[in-house]
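Below is one structure, written out as structure tokens; comments come after it.
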Number of protein chains: 4
Amino acid sequence: MSGSSLGLLFTVTSFGESHGPAIGCVVDGCPPGLAICEADIQAELDRRKPGTSRHVTQRQEADRVEILSGTFEGKTTGHPIALLIRNTDQRSQDYGKIVETFRPGHADYTYWHKYGIRDYRGGGRSSARETAVRVAAGAIAKKWLKEQFGIEIRGYMSQLGEIAIPFKSWQHIGENAFFAPNDEIVPALESYMDRIRAERDSIGARIEVVAENVPVGWGEPVYDRLDADIAHALMSINAVKGVEIGDGFDVVAQRGSLHGDELTPAGFASNHAGGVLGGVSTGQAIRASIAIKPTSSIPQPRNSIDKQGQAVEVSTTGRHDPCVGIRATPIAEAMLALVLIDHALRHRAQNADVAVATPRIPGRIQ
Amino acid sequence: MSGSSLGLLFTVTSFGESHGPAIGCVVDGCPPGLAICEADIQAELDRRKPGTSRHVTQRQEADRVEILSGTFEGKTTGHPIALLIRNTDQRSQDYGKIVETFRPGHADYTYWHKYGIRDYRGGGRSSARETAVRVAAGAIAKKWLKEQFGIEIRGYMSQLGEIAIPFKSWQHIGENAFFAPNDEIVPALESYMDRIRAERDSIGARIEVVAENVPVGWGEPVYDRLDADIAHALMSINAVKGVEIGDGFDVVAQRGSLHGDELTPAGFASNHAGGVLGGVSTGQAIRASIAIKPTSSIPQPRNSIDKQGQAVEVSTTGRHDPCVGIRATPIAEAMLALVLIDHALRHRAQNADVAVATPRIPGRIQ
Amino acid sequence: MSGSSLGLLFTVTSFGESHGPAIGCVVDGCPPGLAICEADIQAELDRRKPGTSRHVTQRQEADRVEILSGTFEGKTTGHPIALLIRNTDQRSQDYGKIVETFRPGHADYTYWHKYGIRDYRGGGRSSARETAVRVAAGAIAKKWLKEQFGIEIRGYMSQLGEIAIPFKSWQHIGENAFFAPNDEIVPALESYMDRIRAERDSIGARIEVVAENVPVGWGEPVYDRLDADIAHALMSINAVKGVEIGDGFDVVAQRGSLHGDELTPAGFASNHAGGVLGGVSTGQAIRASIAIKPTSSIPQPRNSIDKQGQAVEVSTTGRHDPCVGIRATPIAEAMLALVLIDHALRHRAQNADVAVATPRIPGRIQ
Amino acid sequence: MSGSSLGLLFTVTSFGESHGPAIGCVVDGCPPGLAICEADIQAELDRRKPGTSRHVTQRQEADRVEILSGTFEGKTTGHPIALLIRNTDQRSQDYGKIVETFRPGHADYTYWHKYGIRDYRGGGRSSARETAVRVAAGAIAKKWLKEQFGIEIRGYMSQLGEIAIPFKSWQHIGENAFFAPNDEIVPALESYMDRIRAERDSIGARIEVVAENVPVGWGEPVYDRLDADIAHALMSINAVKGVEIGDGFDVVAQRGSLHGDELTPAGFASNHAGGVLGGVSTGQAIRASIAIKPTSSIPQPRNSIDKQGQAVEVSTTGRHDPCVGIRATPIAEAMLALVLIDHALRHRAQNADVAVATPRIPGRIQ
């Protein structure tokens, strides 16, 4: 597996460049019998789609998904599901002028030295466009997890730049362009983004993602712990620079008497662990949080070098998200779903026969 | 690979329980011709060894490593290197009383539901004792990386509980029990730990780990990015709850005009990225940071349940580190080394022929 | 990896059903810089294409391949190469009558019990149509092996039913529908096939495949030996029931004094081993041979059962090859190429630095 | 996974050289709750042990296995099971004289060019001694398969050199040194071997291996078919040059009307397929056959070259099996068991929920 595959048993193999003919993936290992159609996948893709508000890239991509294989009469067959999304709005000419230079904060310099090829068209393979594929594959995972276990995977933006976004309700998330769980703060977020754009700059964000109803027992110690695989999957999203499980970096200053979640017959008394102990799910909500860096492509002059190693000044025009975090919520949800389904299958491979008399205590979200 | 193997080409397969006859691993994929002997590995093991100061567990383990295979006349042969560490100081009787209950913050409850087996002896497989194996395998990786590329991998504690530890010098790290890069702060750390112990409590810590001289080009987009694999490896260490690359969670409030590291003919002007762009190493220092939770085993009464689901009170005696973070530095270094060597091999598998005329600019640490 | 991926570093992930919208694959891990275009792949596909003589299925498939990703300006980029072949001549109605029954010798019964889904359209995923994908991916592998090492991979039919086909010349292979290396025997093969068809029956075949100029040193003991991986790849082709390396089953009655190929300064004195010793290539030609069973779908009545377990009589109409072996030569070549490129990459990952003063002695084919 | 691991979910990672301190393996992925002890494994090891008759190597190895991890109170825990076998009778001095030369038919030449290291002691890693590890790991697999499904895996020698060995009864196999299922032929086999030894030569053999009671549905199309994985596993055994499933190479001259096994409500009417259709088990007995080459080490002079490429004459003394096939039966059984348990787990990972009303028809052996 040479880098573009994710998952041991539910394996997503991704392909495609930002400005090539198409992007897509092959999902191998989906259990048979799941009802899935293009509309199920499209619904998730539309949540991530560019061009939906003034705060995101104005690239217009229909992002129409086609299922090429792996389903029959509306159900998965157990065979590979190939998903295809044709690119339709590639303006490669926007990128002509950056052919010879390396944009700061981009993969240009590293890809060039690694591959000796400069696919300058919108970042080629390093573009965040590839994340559409993750969302598409994640839609299948989400549906299976929901139907088999009632698992609910949801995310939201908890911070935009300096602005913390207090959680009010899941209901607000679908009602604004930021995936903010708080309707009152939306005007502040909008004016903040307008200011960032006016300053020809970009900004970071923090996204939370939560999975409820995950059964106790998923995760494969000692290296393929559930939390380790979540960290891998989330850190593999473009622009992510940090991952936390449960209380994350707050644990540094916590006492054990606070952190260790007590158990009671009625359930865990708290969820500092974020739903994972010893790398295995506890039955509580899985909680993870990610830090997303500010977009590297900004329309102001920056110092860089060209292919000959000479100093140049680079200013990135083209159509870019001033905050890639704004569209990151569905991607983070998808990645969590992909990890969970893989571990659901791994768990039942090895532990299908295990049965203990001990009652499973109820989980908690926070 | 069922959870106990790490790495695609340089693969570590770990085995062993805290209180079984032995722990160890098989390292498969090490290039032939590397001079390695037991003393090389022992040196790293001794840095992590229990019982070396009053701030860590008083368990006395010689942690003597034996090389069972894979070397001939002092050099690696290209065949699997098996490493064996016999357990010598198992006091299983310490654990007899916890057989029927689940310790808060521990893997007891999750392992029980997953495996239906309760190896109560010191946590069995979930014990941090397994990390000795990582350090042993990492010693081989470190040596190869050093000899082939001059790569230097070093870590230190940057925070203990509420106490931030300012970086003064690498030199101090080996001179105190905390791996603190600052000699002046050591008395404060010691009295802090004495207080924690007196309060029968435990505390978290933050560890930084840095790899210098990593060449540009390592990492396999889009899922096996270098940073994603580092996140996986570091999060797989017991008690880790958060991972950052470069500026980590600080990026949430950063502007793109600050974050994107400018390039100049003399080198990168900064290293906010932490040495990875687009999932590929930049030639700058790789910087990662981890949050380690407070030890779950504390000698004060806590609420829990027993196997029948009944409420009980649990107080963990036995020999435990009041701060597992204190011995985590060599482990974090080892994990980083294991990821880097795997990617060094993966890179040359696919890209051995790539040569570009563009000069590689020098890296920076901070 | 859930069954539809092949190769550790040069990984082919296949998708598609015989009568779905498309078949195709993702090739991940191809080194960058290889000149490849659709015509290169099409040339190999055309060698395997159905409908080219009266001895093969009359299904008309253009088998037009489209490269969706992974190349830029005519060269591979190091990123996944997605290949798409639309199905155009699906006559699903031919299969309507077999929905409720299991054809003898087919995957119908096993797939039904495994997946609980009956994609009766031409065998769905179990159809030999999937082998087009292998040929397409193999074309890329072949080209790289040729350009990097001068490796030549060629196959031929050495037996059709009872008729042994003596090797005369490689040149004849492209001149007849059987891939027979012997022009004189072709009329006999044709009348033999006409008789088989007239009898409403089918027949087996034996295919040889040879790779010349493979360097010494490829193969990863002890499980991923070169010969073991060749056996895996060849046995994974539909209808293959036996695989031999070198002298194959003849070794059972051979003496060691005959079998062990002697070495001389001018080269090996023989090649009974078939180019592999200890699981590692010797520098001699790699020789493998496969047995292909007669087509299961034959237009004469056979006993079977239906989904309720009741006895039924089944006679398979539709368009089928009376000897699937006839089109198997390009497939076997492709599989050998896929194994070789994967091991080329694995070898240089671990052993890139190895250099010995011992001269490499020339190889031999036979 | 760098060559020394086998299996995706039930993974055996092997280590050790013929004349190093020890050989052994780590078995990861074994389901918890299986009763297993050293005696269970020892019983299988003793079947393969050297020095048990005058027809095999006179090396005296106790082959005592120690379980280092993965069991607790006599049962598997779901964690890695490490198995250790110390080498006790290494006479490295026997090999001193071959340091500078390459033995014909051996891995000497290929390993030297691959690794640049010459571990001349008994072939080092390429020695058949490694197969003891396979037998040990296979013992665990066998026991689980037997307990969970009643699967019986047995093998026998069906040909020794020119002497075909007709199957009489399973019962005879344990009663002679050849694993011959025929007591009457044993004297002929013994005198045949005496003659081979007197001629300072060696000879090949053919081994059959059969698994009964394998349920329908195991195997993962299209590459990880059950038969493909069996071919891989069996071809990975030292000295194997050919693998057949079911009728194997006989299918070349078979008609479809003969080969395709008919189904009846009372079961399959024949088993030409050898228990696999479309890469998936049929519920019939799995039948495979392997060709084992004559031992390469023979005590008569043969032409070879030395490290400088100069012509030399080599005659191999030391303690060698004149027919490595004699001890191969338990190894082949072990490999088949390892493939089957891996596919049992893979099957239930993806298909645990599948249930069809169609009755499973009984299987047949022949």
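Please note that chains go A, B, ... in the order of the structure tokens, that every chain numbers its residues from 1, and that ligands are numbered from 1 in the order shown.
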
Please find the residues of chain B near chain C - the criterion being any atom within 9 Å, counting only C-alpha atoms - and write them as a CSV table (one decimal) with C-alpha atoms, in the first residue's frame.
```csv
chain,number,residue,atom,x,y,z
B,8,LEU,CA,5.2,-1.1,6.3
B,9,LEU,CA,8.8,-1.8,5.4
B,10,PHE,CA,10.7,-1.5,8.7
B,29,GLY,CA,13.1,-5.0,7.2
B,30,CYS,CA,16.2,-3.5,8.6
B,31,PRO,CA,18.7,-3.0,5.8
B,32,PRO,CA,21.7,-5.3,5.9
B,33,GLY,CA,25.2,-4.1,7.0
B,78,GLY,CA,18.7,-8.0,6.3
B,79,HIS,CA,16.7,-10.7,8.1
B,221,PRO,CA,0.6,11.3,0.5
B,344,ALA,CA,13.2,6.5,4.4
B,345,LEU,CA,12.8,3.0,3.0
B,346,ARG,CA,9.4,3.8,1.4
B,347,HIS,CA,10.8,6.9,-0.2
B,348,ARG,CA,13.7,5.2,-1.8
B,349,ALA,CA,11.5,2.3,-3.0
B,350,GLN,CA,9.5,4.6,-5.1
B,351,ASN,CA,11.7,7.6,-5.7
B,352,ALA,CA,15.2,6.3,-5.8
B,353,ASP,CA,15.7,7.6,-9.3
B,354,VAL,CA,14.4,11.1,-8.8
```

Original post:
If you count only C-alpha atoms, which residues fall within 8 Å of Ser5 in chain A, apart from same-chain ones fewer than 5 positions away, as a ChimeraX atom specification?
Top reply: /A:11-14 /B:223

Just to be explicit: take each residue in the selection above, keep N, CA and C atoms, and write the result as a PDB file, in the first residue's frame.
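Dumped to out-v1.pdb:
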```pdb
ATOM      1  N   THR A  11     -11.122  -0.673   3.213  1.00  0.00           N
ATOM      2  CA  THR A  11      -9.977   0.034   2.643  1.00  0.00           C
ATOM      3  C   THR A  11     -10.407   1.021   1.569  1.00  0.00           C
ATOM      4  N   VAL A  12     -10.044   2.277   1.770  1.00  0.00           N
ATOM      5  CA  VAL A  12     -10.313   3.303   0.771  1.00  0.00           C
ATOM      6  C   VAL A  12      -9.027   3.580   0.013  1.00  0.00           C
ATOM      7  N   THR A  13      -9.067   3.459  -1.297  1.00  0.00           N
ATOM      8  CA  THR A  13      -7.918   3.798  -2.128  1.00  0.00           C
ATOM      9  C   THR A  13      -8.312   4.977  -3.003  1.00  0.00           C
ATOM     10  N   SER A  14      -7.633   6.072  -2.776  1.00  0.00           N
ATOM     11  CA  SER A  14      -8.015   7.343  -3.386  1.00  0.00           C
ATOM     12  C   SER A  14      -7.167   7.650  -4.614  1.00  0.00           C
TER      13      SER A  14
ATOM     14  N   TYR B 223      -2.556   9.434   2.449  1.00  0.00           N
ATOM     15  CA  TYR B 223      -2.926   8.992   3.788  1.00  0.00           C
ATOM     16  C   TYR B 223      -1.711   8.722   4.668  1.00  0.00           C
TER      17      TYR B 223
END
```

Original post:
What gap, in Å, lies between CA of Glu244 in chain B and CA of Ile290 in chain A?
Top reply: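 Going from CA of Glu244 in chain B over to CA of Ile290 in chain A, I get 9.5 Å.
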
Original post:
How many Å lie between CA of Cys37 in chain C and CA of Leu68 in chain C, rounded to one decimal?
Top reply: 11.1 Å

**OP:** Please provide as an MDAnalysis selection string all residues within 7 Å of range 225-236 of chain A, with the sequence filter that same-chain residues fewer than 3 positions apart are discarded (counting only C-alpha atoms).
**Re:** (chainID A and resid 218:222 240:243 245 276 279:281 332 335:336 339) or (chainID B and resid 222:223 225 227:229 231:233 235:236)

Take the residues that were just selected and, keeping C-alpha atoms, output them as a short mmCIF file (atom, residue, chain, number, x, y, z; two decimals), in the first residue's frame.
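Full text of selection-v4.cif as output:
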```
data_model
loop_
_atom_site.label_atom_id
_atom_site.label_comp_id
_atom_site.auth_asym_id
_atom_site.auth_seq_id
_atom_site.Cartn_x
_atom_site.Cartn_y
_atom_site.Cartn_z
CA TRP A 218 -13.11 -1.48 19.37
CA GLY A 219 -9.40 -0.84 18.83
CA GLU A 220 -6.40 -3.13 18.37
CA PRO A 221 -3.58 -2.69 20.89
CA VAL A 222 -0.79 -1.98 21.00
CA VAL A 240 -4.30 19.61 10.16
CA LYS A 241 -1.45 20.28 12.63
CA GLY A 242 -2.80 18.85 15.87
CA VAL A 243 -5.09 16.13 17.15
CA ILE A 245 -8.58 12.76 22.03
CA VAL A 276 -10.95 5.41 24.60
CA GLY A 279 -6.60 2.14 22.89
CA VAL A 280 -10.02 0.49 23.05
CA SER A 281 -13.43 2.17 22.95
CA ALA A 332 -13.33 15.12 9.89
CA MET A 335 -12.34 10.23 8.61
CA LEU A 336 -13.71 9.25 12.00
CA VAL A 339 -11.61 4.51 11.24
CA VAL B 222 -2.28 11.22 0.81
CA TYR B 223 -2.93 8.99 3.79
CA ARG B 225 1.78 11.42 5.18
CA ASP B 227 2.88 13.81 9.92
CA ALA B 228 -0.07 11.39 9.92
CA ASP B 229 2.22 8.46 10.60
CA ALA B 231 0.62 11.19 14.89
CA HIS B 232 -0.29 7.52 14.77
CA ALA B 233 2.96 6.39 16.30
CA MET B 235 -0.71 8.52 19.92
CA SER B 236 -0.10 4.78 20.20
#
```

Subject >> Filtered DSSP result for range 28-223 of chain C, state alpha helix (DSSP H), as a ChimeraX atom specification >> reply: /C:38-48,108-115,131-149,186-198

**OP:** Enumerate, as a count of residues only, the complete set of residues in range 45-152 of chain A that a backbone-based DSSP assignment places in strand (DSSP E or B).
**Re:** 15

**OP:** Mind checking which residues fall within 12 Å of Arg47 in chain C, counting only C-alpha atoms, ignoring those fewer than 4 positions away in the same chain, and posting them as a PyMOL selection string?
**Re:** chain C and resi 40-43+51-53+62-63+132+135-136+139+155+173-179+326-331+333-334

**OP:** Would you work out the distance separating CA of Pro104 in chain B from CA of Arg302 in chain B, expressed in Å to one decimal?
**Re:** 7.4 Å

Counting only C-alpha atoms, what is within 6 Å of Gly256 in chain B, bar same-chain residues fewer than 6 positions away, as an mmCIF file with C-alpha atoms, in the first residue's frame?
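See out.cif below for the written result:
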```cif
data_model
loop_
_atom_site.group_PDB
_atom_site.id
_atom_site.type_symbol
_atom_site.label_atom_id
_atom_site.label_comp_id
_atom_site.auth_asym_id
_atom_site.auth_seq_id
_atom_site.Cartn_x
_atom_site.Cartn_y
_atom_site.Cartn_z
ATOM 1 C CA ASP A 201 -4.965 36.923 4.669
ATOM 2 C CA SER A 202 -6.226 33.595 5.941
ATOM 3 C CA ILE A 203 -6.920 32.072 9.349
ATOM 4 C CA PRO A 294 -4.565 28.949 7.888
ATOM 5 C CA THR A 295 -4.676 28.529 4.104
ATOM 6 C CA SER A 296 -1.238 28.874 2.611
#
```

Subject >> From B:Arg118, B:His113, B:His320, B:Arg86, residue lying nearest Ala357 in chain A [only C-alpha atoms] >> reply: B:His113

Original post:
Near Ser69 in chain B, within 6 Å and counting only C-alpha atoms, which residues show up once chain neighbours fewer than 4 positions away are dropped, as an NGL selection string?
Top reply: (:B and (81-82)) or (:D and (16))

Output file for the selection above: C-alpha atoms, as a PDB file, in the first residue's frame:
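The result, written out as result36.pdb:
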```pdb
ATOM      1  CA  ILE B  81      16.040  -9.118  14.304  1.00  0.00           C
ATOM      2  CA  ALA B  82      14.383 -10.664  17.336  1.00  0.00           C
TER       3      ALA B  82
ATOM      4  CA  GLY D  16      15.873 -16.939  13.412  1.00  0.00           C
TER       5      GLY D  16
END
```

Subject >> Residues near Ser18 in chain B, cut-off 7 Å, only C-alpha atoms, skip fewer than 6 positions along chain, as a PyMOL selection string >> reply: chain B and resi 122-125+127+129

**OP:** Go through A:Pro359, A:Pro322, A:Gly248, A:Gly278 one by one, measure the shortest atom-to-atom distance of each to Ala128 in chain B using only C-alpha atoms, and give the residue with the smallest value.
**Re:**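 Using only C-alpha atoms, Ala128 in chain B sits closest to A:Gly278.
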
**OP:** Measuring atom to atom with only C-alpha atoms, identify which of D:Lys142, D:His106, D:Arg195, D:Arg360 is nearest to Leu263 in chain D.
**Re:**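 That would be D:Arg360, the residue with the smallest distance to Leu263 in chain D.
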